[in-house]
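Worksheet: the structure to be examined is printed underneath.
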Amino acid sequence: MSEFPDYKKVAVEKLIPYARNSRTHSAEQVDQIAASIKEFGFLNPIITDGENGIVAGHGRVMAAKKLGLKELPCIDASHLTETQRRAYIIADNKIAINSDWDTEMLRVEFHELQEMAFDLELTGFSLDEMTNIFDEPDFQPGSEEDQGKLDQLDPKMVICPHCCAEFDLRSIE
């Protein structure tokens with residue numbers, strides 16, 4: 001077996017999802033994958049078991065169906081034992097999410113892509129996530145004016161649900 005198996009094209013309707021796949025794909029994520037395929041092309045092949053059973057790429061197959069694609073690039077992983085195949089299905093998904101982001105570099109890339117008028121949502125990041133990345137935290141201490149006078153706190157008034165008396169929580173010791 002070659003270290004780098006050959007690609008082959010397989011008809012989408014012949015690809016068989018793994019019934020025990022533990023990774024799920026929401027409709028929103030499938031839409032994101034479809035948008036990515038439309039923008040960048042189909043760059044990540046489906047991995048099959050030698051009998052067109054999907055080992056990796058369930059979300060990509062769902063997106064391809066949504067886009068009406070007829071054939072997909074596949075890599076045959078029939079060299080895997082049954083045990084290896086089942087473990088790889090899990091490992092392929094889990095190992096991918098075990099990485100982290102270099103937030104500074106991501107911010108630089110997003111800024112430059114934004115300057116080039118690229119639709120940043122095609123990266124798979126939500127607007128909230130991008131806002132958190134773009135909003136650089138300011139860890140400099142604020143002035144007393146910025147923070148208010150901490151020794152002159154406003155009263156924290158509460159009403160007792162039993163007697164209806166009003167109390168300032170700061171005065172209760």
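Naming works like this for the structure tokens: A, B, ... for the chains as they're shown, residue 1 at the start of each chain, ligands 1 onward in shown order.
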Any chance you could list, as a compact mmCIF listing (two decimals) with C-alpha atoms, in the first residue's frame, the residues in region 5-155 of chain A that come up strand (DSSP E or B) when DSSP is run on the backbone?
# COMPACT_ATOMS: atom_id res chain seq x y z
CA TYR A 7 -7.88 9.77 -5.21
CA LYS A 8 -10.84 8.41 -7.10
CA LYS A 9 -14.16 9.97 -7.99
CA VAL A 10 -17.26 8.35 -6.53
CA ALA A 11 -20.87 9.20 -7.31
CA ILE A 16 -22.93 5.25 2.38
CA ILE A 46 -14.05 11.95 1.48
CA ILE A 47 -12.38 8.94 3.05
CA THR A 48 -14.10 5.63 2.29
CA GLY A 53 -18.82 3.51 3.21
CA ILE A 54 -17.96 6.96 4.55
CA VAL A 55 -15.14 6.92 7.10
CA ALA A 56 -14.61 10.71 7.16
CA GLU A 71 -19.19 13.07 -7.89
CA LEU A 72 -16.74 13.63 -5.08
CA PRO A 73 -13.02 12.99 -4.67
CA CYS A 74 -12.46 10.04 -2.34
CA ILE A 75 -9.52 8.28 -0.76
CA ASP A 76 -9.79 4.53 -0.20
(message) I'd like the contact shell of Arg20 (chain A) - 10 Å cut-off, only C-alpha atoms, skipping same-chain residues fewer than 3 positions apart - returned as a list in words.
(response) Pro17, Arg23, Arg86 and Ile89 of chain A
(request) Any chance you could list, as number ranges by chain, the residues in region 7-156 of chain A that come up helix (DSSP H, G or I) when DSSP is run on the backbone? (result) A: 12-14, 27-40, 58-67, 82-97, 103-115, 120-123, 127-134, 144-147
Excluding Phe134 (chain A) and any residue of its chain fewer than 2 positions from it, enumerate the residues within 9 Å of it, using only C-alpha atoms, and give them as a PDB file with N, CA and C atoms, in the first residue's frame.
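Contents of around23.pdb, as written:
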ATOM      1  N   ARG A 107      -6.386  37.633  14.257  1.00  0.00           N
ATOM      2  CA  ARG A 107      -6.833  39.029  14.149  1.00  0.00           C
ATOM      3  C   ARG A 107      -6.184  39.695  12.940  1.00  0.00           C
ATOM      4  N   PHE A 110      -7.794  38.243   9.757  1.00  0.00           N
ATOM      5  CA  PHE A 110      -9.149  38.773   9.575  1.00  0.00           C
ATOM      6  C   PHE A 110      -9.126  40.228   9.128  1.00  0.00           C
ATOM      7  N   HIS A 111      -8.260  41.040   9.735  1.00  0.00           N
ATOM      8  CA  HIS A 111      -8.169  42.449   9.336  1.00  0.00           C
ATOM      9  C   HIS A 111      -7.798  42.565   7.862  1.00  0.00           C
ATOM     10  N   GLU A 129     -18.122  35.635  17.431  1.00  0.00           N
ATOM     11  CA  GLU A 129     -16.737  35.183  17.597  1.00  0.00           C
ATOM     12  C   GLU A 129     -15.763  36.195  17.005  1.00  0.00           C
ATOM     13  N   MET A 130     -16.091  36.706  15.829  1.00  0.00           N
ATOM     14  CA  MET A 130     -15.201  37.691  15.202  1.00  0.00           C
ATOM     15  C   MET A 130     -15.152  38.979  16.010  1.00  0.00           C
ATOM     16  N   THR A 131     -16.275  39.388  16.575  1.00  0.00           N
ATOM     17  CA  THR A 131     -16.297  40.592  17.409  1.00  0.00           C
ATOM     18  C   THR A 131     -15.363  40.412  18.590  1.00  0.00           C
ATOM     19  N   ASN A 132     -15.399  39.239  19.218  1.00  0.00           N
ATOM     20  CA  ASN A 132     -14.501  38.976  20.343  1.00  0.00           C
ATOM     21  C   ASN A 132     -13.036  38.998  19.916  1.00  0.00           C
ATOM     22  N   GLU A 136      -9.881  44.146  20.929  1.00  0.00           N
ATOM     23  CA  GLU A 136      -8.658  43.908  21.682  1.00  0.00           C
ATOM     24  C   GLU A 136      -8.891  44.360  23.121  1.00  0.00           C
TER      25      GLU A 136
END
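CA of Ala35 (chain A) is found 9.5 Å from CA of Thr123 (chain A).
The space separating CA of Thr103 (chain A) from CA of Phe125 (chain A) comes to 12.8 Å.
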(message) Env of Asp31 (chain A): 9 Å cut, atoms = only C-alpha atoms, seq-sep filter 4 positions within chain, self excluded. Answer as a PyMOL selection string.
(response) chain A and resi 26-27+35-36+63+66
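Of the residues under consideration (A:Pro155, A:Gly142, A:Gly124, A:Pro161), A:Gly124 shows the shortest atom-to-atom contact distance to Glu28 (chain A) when counting only C-alpha atoms.
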(message) Here is a test: counting only C-alpha atoms, which residue of A:Glu104, A:Asp6, A:Asp92, A:Glu112 is nearest to Ser22 (chain A)?
(response) A:Asp92
